[in-house]
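Here is the file data_30.csv (CSV, C-alpha atoms).
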chain,number,residue,atom,x,y,z
J,14,MET,CA,-46.8,-12.6,28.8
J,15,ASN,CA,-46.8,-14.9,31.8
J,16,ILE,CA,-44.1,-16.9,33.5
J,17,ASN,CA,-45.0,-20.0,31.6
J,18,GLU,CA,-44.5,-18.3,28.3
J,19,LEU,CA,-41.0,-17.1,28.9
J,20,GLN,CA,-38.4,-18.7,26.7
J,21,SER,CA,-35.2,-20.1,28.2
J,22,VAL,CA,-32.8,-19.0,25.4
J,23,PRO,CA,-29.7,-17.7,27.2
J,24,ILE,CA,-29.3,-13.9,26.9
J,25,ASN,CA,-25.9,-14.3,25.0
J,26,ASP,CA,-27.6,-16.5,22.4
J,27,ALA,CA,-30.6,-14.2,22.2
J,28,VAL,CA,-28.4,-11.2,21.5
J,29,SER,CA,-26.3,-13.0,18.9
J,30,ASN,CA,-29.4,-14.4,17.2
J,31,GLU,CA,-30.7,-10.8,16.9
J,32,LEU,CA,-27.4,-9.6,15.5
J,33,ILE,CA,-27.5,-12.3,12.8
J,34,ASN,CA,-31.1,-12.2,11.9
J,35,THR,CA,-33.3,-9.8,13.8
J,36,ALA,CA,-37.0,-10.3,14.6
J,37,LEU,CA,-37.5,-6.6,15.1
J,38,ASP,CA,-39.9,-4.4,13.0
J,39,LEU,CA,-37.4,-1.8,11.9
J,40,THR,CA,-40.1,0.7,11.1
J,41,VAL,CA,-40.9,1.1,14.8
J,42,ASP,CA,-39.2,3.9,16.8
J,43,TYR,CA,-38.5,1.9,20.0
J,44,SER,CA,-37.1,5.0,21.8
J,45,GLU,CA,-40.7,6.4,21.9
J,46,ILE,CA,-42.2,3.4,23.6
J,47,ALA,CA,-43.1,4.0,27.3
J,48,LEU,CA,-41.5,1.6,29.7
J,49,ASP,CA,-44.8,0.5,31.2
J,50,SER,CA,-46.1,-0.5,27.8
J,51,ILE,CA,-43.3,-2.8,26.7
J,52,LEU,CA,-44.9,-5.9,28.2
J,53,SER,CA,-48.4,-4.9,27.3
J,54,ASN,CA,-47.6,-4.4,23.6
J,55,ASP,CA,-48.1,-7.8,22.0
J,56,LEU,CA,-45.8,-7.1,19.1
J,57,ILE,CA,-43.0,-6.1,21.4
J,58,SER,CA,-43.5,-8.7,24.2
J,59,GLU,CA,-43.3,-11.5,21.7
J,60,ILE,CA,-39.9,-10.6,20.3
J,61,PRO,CA,-37.5,-13.4,21.3
J,62,ILE,CA,-34.9,-11.0,22.8
J,63,VAL,CA,-37.6,-9.4,24.9
J,64,LYS,CA,-38.7,-12.8,26.2
J,65,SER,CA,-35.2,-13.7,27.1
J,66,ILE,CA,-34.6,-10.4,29.0
J,67,VAL,CA,-37.9,-10.8,30.9
J,68,ALA,CA,-37.0,-14.4,31.7
J,69,LEU,CA,-34.0,-13.1,33.7
J,70,GLY,CA,-36.5,-11.5,36.1
J,71,ARG,CA,-38.5,-14.7,36.4
J,72,LEU,CA,-41.5,-13.7,38.6
J,73,GLY,CA,-41.1,-10.0,38.2
J,74,ILE,CA,-39.3,-7.5,36.0
J,75,SER,CA,-37.9,-4.2,37.4
J,76,ILE,CA,-37.8,-0.8,35.9
J,77,LYS,CA,-34.1,-1.3,35.2
J,78,GLN,CA,-34.9,-4.4,33.2
J,79,LEU,CA,-37.6,-2.6,31.2
J,80,HIS,CA,-35.2,0.2,30.5
J,81,PHE,CA,-32.5,-2.3,29.5
J,82,THR,CA,-35.1,-3.9,27.1
J,83,LYS,CA,-35.8,-0.6,25.5
J,84,LYS,CA,-32.1,0.2,25.1
J,85,VAL,CA,-31.5,-3.3,23.5
J,86,LEU,CA,-34.3,-2.7,21.0
J,87,CYS,CA,-33.0,0.7,20.0
J,88,PHE,CA,-29.5,-0.7,19.7
J,89,LEU,CA,-30.6,-3.6,17.5
J,90,LYS,CA,-32.8,-1.4,15.3
J,91,GLU,CA,-29.9,0.9,14.6
J,92,PHE,CA,-27.5,-2.0,13.9
J,93,HIS,CA,-29.8,-3.4,11.3
J,94,SER,CA,-30.7,-0.1,9.8
J,95,GLY,CA,-27.5,0.1,7.8
J,96,SER,CA,-27.1,-1.3,4.3
J,97,ALA,CA,-25.8,-4.9,3.9
J,98,SER,CA,-22.1,-5.3,3.1
J,99,ASN,CA,-19.5,-8.0,2.9
J,100,TYR,CA,-18.2,-6.8,6.2
J,101,ILE,CA,-21.5,-7.5,7.9
J,102,ALA,CA,-21.9,-10.9,6.3
J,103,LYS,CA,-18.4,-11.8,7.5
J,104,PHE,CA,-19.3,-10.6,11.0
J,105,LYS,CA,-22.5,-12.5,11.2
J,106,ASN,CA,-20.8,-15.7,9.9
J,107,LYS,CA,-18.2,-15.4,12.6
J,108,LEU,CA,-20.9,-15.0,15.2
J,109,ASN,CA,-22.5,-18.2,13.8
J,110,THR,CA,-19.3,-20.3,13.7
J,111,ASP,CA,-17.0,-19.1,16.4
J,112,GLN,CA,-18.3,-19.6,20.0
J,113,LYS,CA,-15.5,-17.7,21.6
J,114,PHE,CA,-16.0,-14.7,19.4
J,115,LYS,CA,-19.7,-14.8,19.9
J,116,ASP,CA,-19.3,-14.8,23.7
J,117,LYS,CA,-16.8,-12.0,23.6
J,118,VAL,CA,-19.0,-9.8,21.4
J,119,THR,CA,-22.4,-10.5,23.1
J,120,GLU,CA,-21.0,-10.1,26.6
J,121,GLN,CA,-19.4,-6.8,25.8
J,122,ILE,CA,-22.7,-5.5,24.2
J,123,ILE,CA,-24.8,-6.7,27.1
J,124,VAL,CA,-22.5,-5.1,29.7
J,125,SER,CA,-22.2,-1.9,27.7
J,126,ILE,CA,-25.9,-1.5,27.1
J,127,ASP,CA,-26.7,-2.2,30.8
J,128,ARG,CA,-24.2,0.6,31.8
J,129,LEU,CA,-25.6,3.2,29.3
J,130,ARG,CA,-28.0,5.6,30.8
J,131,THR,CA,-30.1,6.5,27.7
J,132,GLU,CA,-31.5,4.9,24.6
J,133,GLN,CA,-29.7,7.5,22.5
J,134,ARG,CA,-26.4,6.2,23.8
J,135,ALA,CA,-27.5,2.7,22.9
J,136,ILE,CA,-28.0,3.9,19.3
J,137,LEU,CA,-24.5,5.4,19.3
J,138,LEU,CA,-23.1,2.1,20.6
J,139,ALA,CA,-24.6,0.3,17.6
J,140,LYS,CA,-22.9,2.9,15.3
J,141,LEU,CA,-19.6,2.2,17.1
J,142,LEU,CA,-20.1,-1.6,16.6
J,143,MET,CA,-20.6,-1.0,12.9
J,144,GLY,CA,-17.3,0.9,12.8
J,145,TYR,CA,-15.7,-2.2,14.2
J,146,VAL,CA,-17.5,-4.5,11.9
J,147,HIS,CA,-16.3,-2.4,8.9
J,148,GLU,CA,-12.8,-2.7,10.3
J,149,GLU,CA,-12.3,1.0,10.9
J,150,TYR,CA,-10.7,0.1,14.2
J,151,ASN,CA,-10.0,-3.0,16.2
J,152,TRP,CA,-11.9,-4.7,19.1
J,153,GLU,CA,-9.9,-3.0,21.8
J,154,THR,CA,-10.7,0.4,20.4
J,155,PHE,CA,-14.4,-0.4,20.2
J,156,CYS,CA,-14.3,-1.5,23.8
J,157,TYR,CA,-12.6,1.8,24.8
J,158,PHE,CA,-15.1,3.9,22.8
J,159,SER,CA,-17.9,1.9,24.5
J,160,GLU,CA,-16.5,2.8,28.0
J,161,CYS,CA,-16.2,6.5,27.1
J,162,LEU,CA,-19.7,6.7,25.6
J,163,ASP,CA,-21.8,6.7,28.8
J,164,SER,CA,-20.0,9.7,30.3
J,165,MET,CA,-20.0,11.7,27.0
J,166,GLN,CA,-22.5,14.5,26.7
J,167,LEU,CA,-24.3,16.0,23.7
J,168,ILE,CA,-22.1,19.1,24.0
J,169,ASP,CA,-19.0,16.9,23.5
J,170,ILE,CA,-20.3,15.8,20.1
J,171,ALA,CA,-21.0,19.4,19.2
J,172,VAL,CA,-17.5,20.4,20.3
J,173,LEU,CA,-15.9,17.7,18.1
J,174,ASP,CA,-18.1,18.7,15.2
J,175,ASN,CA,-17.1,22.4,15.5
J,176,LEU,CA,-13.4,21.6,15.8
J,177,LEU,CA,-13.5,19.3,12.8
J,178,VAL,CA,-15.1,22.0,10.7
J,179,GLU,CA,-13.0,24.9,12.0
J,180,GLY,CA,-9.7,23.2,12.8
J,181,ALA,CA,-7.7,24.4,15.8
J,182,VAL,CA,-9.8,27.0,17.6
J,183,GLU,CA,-9.5,29.1,20.7
J,184,ILE,CA,-11.9,27.6,23.3
J,185,GLU,CA,-13.8,30.9,23.6
J,186,ASN,CA,-14.6,30.7,19.9
J,187,ILE,CA,-16.0,27.2,19.8
J,188,SER,CA,-19.6,27.4,18.7
J,189,VAL,CA,-21.8,25.0,20.7
J,190,PRO,CA,-25.5,25.2,21.9
J,191,THR,CA,-24.8,26.3,25.4
J,192,ASN,CA,-24.8,29.7,27.2
J,193,ASP,CA,-22.7,28.3,30.0
J,194,LYS,CA,-19.0,28.8,29.2
J,195,TYR,CA,-17.9,26.5,32.0
J,196,MET,CA,-19.9,23.6,30.5
J,197,LEU,CA,-17.8,24.2,27.4
J,198,LEU,CA,-14.6,24.0,29.5
J,199,ALA,CA,-15.9,20.9,31.2
J,200,SER,CA,-16.5,19.4,27.7
J,201,ILE,CA,-13.0,20.2,26.6
J,202,GLU,CA,-11.5,18.7,29.7
J,203,ARG,CA,-13.6,15.5,29.4
J,204,LEU,CA,-12.7,15.1,25.7
J,205,LYS,CA,-9.0,15.7,26.5
J,206,SER,CA,-9.1,13.0,29.2
J,207,TYR,CA,-10.4,10.5,26.6
J,208,GLY,CA,-7.7,11.5,24.1
J,209,PHE,CA,-10.2,12.9,21.7
J,210,VAL,CA,-9.1,16.5,21.9
J,211,GLY,CA,-5.8,18.2,22.4
J,212,VAL,CA,-5.2,21.7,24.0
J,213,ASN,CA,-2.1,23.8,23.5
J,214,ASP,CA,-0.7,24.8,26.9
J,215,LEU,CA,-2.5,22.4,29.2
J,216,SER,CA,-1.8,24.4,32.3
J,217,PHE,CA,-4.9,26.5,32.0
J,218,ILE,CA,-6.6,25.4,35.2
J,219,GLY,CA,-6.9,28.5,37.4
J,220,SER,CA,-5.4,30.7,34.6
J,221,LYS,CA,-7.0,33.9,33.6
J,222,GLY,CA,-6.5,33.0,30.0
J,223,GLU,CA,-8.2,29.6,30.1
J,224,PHE,CA,-10.6,30.4,27.3
J,225,ASN,CA,-7.8,31.6,25.1
J,226,LYS,CA,-6.1,28.2,24.8
J,227,VAL,CA,-6.4,26.5,21.4
J,228,ALA,CA,-8.2,23.2,21.1
J,229,TYR,CA,-8.1,20.7,18.3
J,230,VAL,CA,-9.4,17.2,17.5
J,231,SER,CA,-7.0,14.3,17.8
J,232,SER,CA,-6.8,11.5,15.3
J,233,LEU,CA,-8.7,9.3,17.8
J,234,GLY,CA,-11.3,12.0,18.2
J,235,LYS,CA,-11.8,12.0,14.4
J,236,ILE,CA,-12.3,8.2,14.4
J,237,ILE,CA,-15.0,8.2,17.0
J,238,TYR,CA,-16.7,11.2,15.6
J,239,ASN,CA,-16.9,9.7,12.1
J,240,ALA,CA,-18.2,6.4,13.6
J,241,ILE,CA,-21.1,7.9,15.5
J,242,ASN,CA,-22.1,10.4,12.7
J,243,VAL,CA,-22.6,7.9,9.9

Mind converting the file's structure to structure tokens?
Amino acid sequence: MNINELQSVPINDAVSNELINTALDLTVDYSEIALDSILSNDLISEIPIVKSIVALGRLGISIKQLHFTKKVLCFLKEFHSGSASNYIAKFKNKLNTDQKFKDKVTEQIIVSIDRLRTEQRAILLAKLLMGYVHEEYNWETFCYFSECLDSMQLIDIAVLDNLLVEGAVEIENISVPTNDKYMLLASIERLKSYGFVGVNDLSFIGSKGEFNKVAYVSSLGKIIYNAINV
């Protein structure tokens, strides 16, 4: 791809076009593609959304833009991997007919993907968008979940999973894949700050019994967990 081949479709339009009718090959695992091969792979470099992202760099594209491209591809593949529904048709139709709605959605997605550090989080963002599309929560909740997503860790999802299965559990009895008990405490504190987990007796900082406090998943925590585990 050279500078004369770059298409001038604005990035917002390129994203909305892909949400409505993607040009991606959904059999490809885009998370496995090396950054330095994105532009040398003819099948990928010719995808319209990729051309639009590259066009932002004009005479050169940075590692950050390549990573952004990879995250966008992972996000779009996940979004289009779900089964079709009336909710999705309604969402796509609104993107097609309501300019204000299209701008709101695409700008939020672009900003969120740019902020996310990994392709795996971009995949989770697509799952969160699907939750909004299926009217499991409103737009403000989707935006809030999107902001929380980048600082969430894999251990946080494991903690939510364990608490949902076991119910209210003493922190020391939460079963997660880590040998560092303070990573577990950090996860509880992080999830509590998001409003996803509650802890009985919140004054455990500095207490000798900090691991004996009981943690439980909040209603908001159940919603985000269910959204990212479909």

> Near stretch 31-44 of chain J, within 7 Å and counting only C-alpha atoms, which residues show up once chain neighbours fewer than 6 positions away are dropped, as a ChimeraX atom specification?
Replying inline: /J:60,83,86-87,90,105,132

> Which neighbours of J:Ser164 fall inside 12 Å, counting all atoms listed in the file, when residues of the same chain fewer than 3 positions from it are skipped, and could you give them as an MDAnalysis selection string?
Replying inline: chainID J and resid 128:131 134 158:161 167:170 199:200 203:204 206:207

> Quick one: residues within 12 Å of J:Lys107, all atoms listed in the file counted, chain neighbours fewer than 4 positions away excluded, as a VMD selection string?
Replying inline: chain J and resid 29 32 to 33 100 to 103 111 to 118 146

Would you pick out the contacts of J:Tyr157 at 12 Å or less, using all atoms listed in the file, so that residues sharing its chain but fewer than 3 positions from it are not included, and give the list as a tab-separated table (two decimals) with C-alpha atoms, in the frame of the given file?
chain	number	residue	atom	x	y	z
J	121	GLN	CA	-19.40	-6.80	25.80
J	125	SER	CA	-22.20	-1.90	27.70
J	138	LEU	CA	-23.10	2.10	20.60
J	141	LEU	CA	-19.60	2.20	17.10
J	142	LEU	CA	-20.10	-1.60	16.60
J	145	TYR	CA	-15.70	-2.20	14.20
J	150	TYR	CA	-10.70	0.10	14.20
J	151	ASN	CA	-10.00	-3.00	16.20
J	152	TRP	CA	-11.90	-4.70	19.10
J	153	GLU	CA	-9.90	-3.00	21.80
J	154	THR	CA	-10.70	0.40	20.40
J	160	GLU	CA	-16.50	2.80	28.00
J	161	CYS	CA	-16.20	6.50	27.10
J	162	LEU	CA	-19.70	6.70	25.60
J	163	ASP	CA	-21.80	6.70	28.80
J	207	TYR	CA	-10.40	10.50	26.60
J	208	GLY	CA	-7.70	11.50	24.10
J	209	PHE	CA	-10.20	12.90	21.70
J	233	LEU	CA	-8.70	9.30	17.80
J	237	ILE	CA	-15.00	8.20	17.00

>> as a ChimeraX atom specification, please: the residues near J:Leu52 (cut-off 9 Å, all atoms listed in the file, same-chain neighbours under 6 positions excluded).
In response: /J:14,58-59,63,67,79

>> One decimal, in Å: what's the spacing between atom CA of J:Glu223 and atom CA of J:Asn239?
In response: 28.2 Å

> Separation of atom CA of J:Ser96 and atom CA of J:Met143, in Å?
Replying inline: 10.8 Å

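Computed from the coordinates, the atom CA of J:Leu89 to atom CA of J:Ser75 distance equals 21.2 Å.
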
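Closest approach to J:Leu173 among J:Ile136, J:Ala97, J:Val230, J:Ala27 is made by J:Val230 (distances from all atoms listed in the file).
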
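Proximity ranking of J:Val28, J:Ala135, J:Glu148, J:Gly95 relative to J:Ile236 places J:Glu148 first, based on only C-alpha atoms.
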
> If I put a ball of radius 10 Å at (-11.7, 24.0, 23.3) in the file's coordinates, which residues poke into it when counting only C-alpha atoms, written as a PyMOL selection string?
Replying inline: chain J and resi 172-173+175-176+181-188+197-202+204-205+210-213+223-230
